[in-house]
Amino acid sequence: MSRTSPEDSKYPDVIIEGHDYDGIKEYDNPMPAWWLWIFYATIAWSVFYIAALGAGWIADYDTQLERGKERIAQKQAAAAELAPVIEVNEETLTDLLDDQEALSRGADVYATRCAQCHGAEGQGGIGAPFDDDDWLFADGLVSQFEIIRDGLAAEGMPAHDRMLDDQEIADVTAFINSF
Amino acid sequence: MTEVSHSGVDDVPEGMEKIRYDDQTVRLFVFATIFWGIVGMAVGVIIALQLVVPETNFHKYFTFGRLRPVHTNAVIFAFAGNAIFAAVYYSTQRLVKARMASDLLSKIHFWGWQSIIVAAAITLPLGFTQTKEYAELEWPIAIAIAVIWIVFAVNFFWTLKNRREKHLYVALWFYIASIITVAVLHVVNNLVIPVGWLESYSIFSGVHDAMVQWWYGHNAVAFVLTTPFLGLMYYFLPKAANRPIFSYKLSIAHFWSLTFIYIWAGPHHLHYTSLPEWAATMGMVFSVMLWMPSWGGMINGLFTLRGAWDKVRKQPELKFFVAGITFYGMATFEGPMMSVKIVNSLSHYTDWTIAHVHSAALGWNGFMTFGMIYWLLPKLWKTKLWSKALANAHFWLALVGILLYVIAMYSAGITQGLMWRAFDESGNLMYDNFMETVTAILPMYWVRLVGGTLYLVATCLAVVNLYMTIRKSKEEGRDLSDPVALVPVPAWKHKDDEEAPEGADGTVDPAEGGERQPRWDDWLYSIQEKVKHGWHRALEGWALMFTILTLIAILIGSVVGIVPLFTMKSTVPEIESVQPYTPLEWEGRDIYIAEGCHVCHSQMVRPLVSEIERYRDYSKPGEDIYEYPFLWGSKRTGPDLARVGGKYNHAWHALHFKDPQAIEPDSIMPAYPWLFEDELDLSRTSRKLRALQRLGVPYSDEEVDNAEELARTQAEQIARELGSQNPDFAGLENKDVIALIAYLQRLGTDIKTDEGDQ
């Protein structure tokens with residue numbers, strides 16, 4: 001059998017005597033060196049990885065999680081410093097009831113966070129309705145604010161303190177009183 | 001040694017033997033391959049459509065959750081499975097110069113396998129499932145699979161015993177590894193305790209069950225979709241190209257390294273789960289080490305074509321082989337990469353995995369299969385292929401289909417993975433509503449649908465070519481009776497009872513040297529004779545020892561990888577507050593399984609900060625001790641449900657089942673109106689609890705005996721609460737939906753979480 005790539009002396013393409021299976025023959029070529037070296041490299045890397053993980057040079061699950069939490073906590077702390085500090089009491093919330101800007105901001109929050117359970121028109125459904133004057137669980141504006149912020153676990157109302165800042169909660173408190 | 005492909009050879013010359021090859025069985029397997037290929041791909045197109053148009057989940061037995069396992073099983077075991085059998089039956093006979101040992105076993109194998117596929121196609125949509133991926137079929141079918149597999153194995157190994165070719169060719173090594181490993185995997189992963197004719201619970205729970213499943217699941221990929229196809233490649237590629245195999249040495253090195261290493265890699269499916277990190281680490285490093293053993297096959301395939309590239313242009317089957325092997329190379333680079341923990345933390349649960357498996361299944365398995373079929377058609381029907389142009393059209397159309405499919409899924413997977421972990425500058429999740437991460441990738445789902453459809457259409461072209469080629473064969477009046485080959489009577493076969501020393505091929509006559517006293521070191525010379533072409537060459541002539549060594553190679557990784565998990569107590573630290581499900585919750589869990597909720601929803605929060613923000617505290621191994629089987633899932637088409645209990649009220653769930661789009665207008669979840677109509681069946685609850693009790697779930701005898709009553713009481717209570725939350729949902733205490741809500745409300749509530757809020 002003649003060589004197919006004469007310039008490529010790495011693979012002499014010598015047919016092995018006696019290897020003939022239904023006409024299929026085999027060359028006695030060496031394994032490609034790069035193939036063998038990468039294979040050895042992956043084995044070496046595996047040994048290194050296990051050792052490094054054991055020695056703590058590579059972060060394990062727990063360490064990764066702790067670092068991730070720290071990173072997020074720093075971000076949250078920095079954001080908390082910048083967050084609008086507002087005073088929440090019956091008066092400040094009452095003021096918002098006529099504040100068109102607050103109501104319009106509240107409407108946006110309502111559409112994305114509240115409408116799916118309380119209805120687009122505040123008609124209720126899964127959650128309590130807002131289109132009448134009866135408040136099933138809240139007593140006053142501050143109480144409404146607190147329910148939105150902290151949730152009402154027994155009724156399936158989730159807390160929103162991680163999703164909304166105080167200003168947004170105040171805005172949406174005002175908005176649900178506008179139905 | 002040459003094959004005479006005409007029948008009716010009457011005179012058998014001295015020293016020759018006549019073999020009739022069984023090609024009829026091969027033809028049947030080819031038909032089955034194409035037929036089930038079309039079915040499996042069509043179901044794939046349907047479920048791709050269901051993901052973008054939820055209304056197409058229009059019937060209880062026609063939802064994504066039930067059809068997705070039909071798709072995977074059809075493609076893996078029906079399409080690829082029958083293709084493997086066609087390859088094995090055609091090539092083995094010719095490689096060992098012997099007809100398949102038993103026509104009866106061949107028939108039982110063929111029809112038995114097709115019956116199993118039909119049983120799967122019926123039971124899976126009906127909701128009878130063991131849930132474990134690619135091992136969903138319930139225990140009677142699983143037993144049938146074991147029986148038929150043994151029939152196949154007996155037929156195969158018996159044929160090897162009858163062989164006239166002393167040495168086993170590399171294709172046969174891969175067949176041997178596939179047959180024995182699949183048997184081991186299948187048996188262990190289907191160990192269940194039956195509670196009815198089509199109902200059972202895994203004997204393993206939680207972490208242990210997950211480990212066994214993914215040891216199985218990953219190696220189903222290895223020993224159903226990889227090694228048999230490498231065997232296929234080693235026979236059909238050099239035949240089609242008429243070129244010698246590039247390197248025999250490489251064949252040996254990559255066969256043994258692949259067989260030994262693959263089996264360890266399973267735990268890479270369980271990174272960042274409750275599986276102990278050491279086990280995941282083993283899965284990861286062995287996956288990385290698997291890269292070159294896999295590429296050995298690719299190199300031997302592509303390098304075999306050196307100097308024959310002009311043939312690729314002319315022969316459509318070679319086009320399929322070249323593209324198929326190239327996809328194999330891509331997928332076996334990508335697999336190790338995805339096994340690296342840091343990459344996996346992004347790719348896991350996303351469409352990246354879907355892209356990966358489809359580049360392998362459509363590219364490697366599909367193209368190798370079609371390449372084989374296009375090469376076989378003229379041989380099996382003794383005429384030319386009806387249309388080369390059509391075969392080429394098949395190739396190009398399918399290639400475009402694959403590229404659209406995988407590019408869309410890579411893009412979808414990476415996009416969604418990044419969105420899940422994105423934080424805004426104030427340290428909150430940027431996309432805390434899961435829905436946003438779904439709507440972002442829906443356009444890609446449409447592209448996938450187009451890509452998949454193209455591939456299906458392309459396959460239909462193969463059907464046309466098959467049909468027309470057969471018609472042509474009939475018109476030409478071709479003789480399709482078993483082809484006959486004349487082969488020399490092998491000398492080595494009749495030397496068995498003679499004494500050493502003898503030659504490796506039985507060619508050296510010990511009596512030649514005349515009278516000679518036996519010497520104490522004759523046995524040394526005998527070994528030297530046997531291994532004069534190398535140890536491996538000797539081993540290739542010793543089929544039984546070859547098989548035993550292969551078995552040992554795959555058992556080492558299996559035992560070392562799995563056994564310590566069961567013996568080490570630290571695997572599952574006990575959590576005292578974790579209690580078994582109530583009878584009603586257990587029934588709800590069974591409905592969850594039957595509906596295939598686990599197909600789209602995981603129950604495994606990973607210890608990643610973005611997951612803890614989204615889903616609360618990460619899942620602990622101790623929470624899963626009563627999970628028979630585990631329901632961690634592998635894909636999040638919807639959000640994780642491990643801690644969904646108490647997150648919403650009953651009315652939210654009821655409405656969400658009835659009309660998901662009423663809550664999330666863009667939701668792609670199907671509606672499940674039948675949950676509100678189907679009567680809750682509690683007649684087997686007691687029996688189920690008894691079985692679980694036997695498995696070690698601490699139910700008291702009283703609970704087991706009164707299971708139905710306990711379930712009724714809890715159902716009434718939940719139905720009352722639901723009715724008071726929303727009068728529209730009053731009076732449902734006897735309906736399936738109540739059990740399902742009971743189950744969901746329980747999830748993740750057994751431990752107090754200290755992370756996140758809710």
# chains A, B, ... in the order shown; residues from 1 in each chain; ligands from 1
$ closest_atom_pairs --of "chain A" --to "chain B" --cutoff "6 Å" --atoms "only C-alpha atoms" --output "tab-separated table"
residue	atom	partner	partner_atom	distance
A:Thr4	CA	B:Gly307	CA	5.6
A:Tyr21	CA	B:Leu95	CA	5.5
A:Asp22	CA	B:Leu95	CA	5.6
A:Lys25	CA	B:Pro244	CA	4.6
A:Glu26	CA	B:Ile245	CA	4.6
A:Tyr27	CA	B:Ser247	CA	5.2
A:Asp28	CA	B:Ser247	CA	5.7
A:Asn29	CA	B:Ser247	CA	4.8
A:Met31	CA	B:Leu250	CA	5.2
A:Phe39	CA	B:Met292	CA	5.4
A:Thr42	CA	B:Met289	CA	5.2
A:Ile43	CA	B:Met289	CA	5.8
A:Ser46	CA	B:Val285	CA	5.1
A:Leu65	CA	B:Leu608	CA	5.7
A:Gly68	CA	B:Val609	CA	5.6
A:Lys69	CA	B:Val609	CA	5.9
A:Ile72	CA	B:Gly427	CA	5.2
A:Lys75	CA	B:Gly427	CA	4.8
A:Gln76	CA	B:Gly427	CA	4.7
A:Ala79	CA	B:Ser426	CA	4.7
A:Gln116	CA	B:Ile663	CA	5.1
A:Ile126	CA	B:Trp652	CA	5.6
A:Gly156	CA	B:Asn649	CA	4.4
A:Pro158	CA	B:Gln758	CA	5.9
A:Ala159	CA	B:Gln758	CA	5.8
$ residues_around --residues "Leu418 in chain B" --least-positions-apart "6" --cutoff "10 Å" --atoms "only C-alpha atoms" --output "ChimeraX atom specification"
/B:346-347,437
$ write_last_selection --atoms "C-alpha atoms" --output "short mmCIF file (atom, residue, chain, number, x, y, z; two decimals), in the first residue's frame"
data_model
loop_
_atom_site.label_atom_id
_atom_site.label_comp_id
_atom_site.auth_asym_id
_atom_site.auth_seq_id
_atom_site.Cartn_x
_atom_site.Cartn_y
_atom_site.Cartn_z
CA LEU B 346 -24.39 28.39 34.20
CA SER B 347 -25.46 25.63 31.82
CA THR B 437 -36.36 34.90 31.59
#
$ select_by_dssp --residues "range 375-443 of chain B" --states "helix (DSSP H, G or I)" --output "VMD selection string"
chain B and resid 375 to 381 388 to 421 434 to 439 442 to 443
$ closest_residue --among "A:Glu81, A:Glu146, A:Asp95, A:Asp131" --to "Asp161 in chain A" --atoms "only C-alpha atoms"
A:Glu146
$ closest_residue --among "A:Ile169, A:Ala174, A:Val47, A:Val88" --to "Leu103 in chain A" --atoms "only C-alpha atoms"
A:Ala174
$ closest_residue --among "A:Val85, A:Met163, A:Lys10, A:Glu90" --to "Pro32 in chain A" --atoms "only C-alpha atoms"
A:Lys10
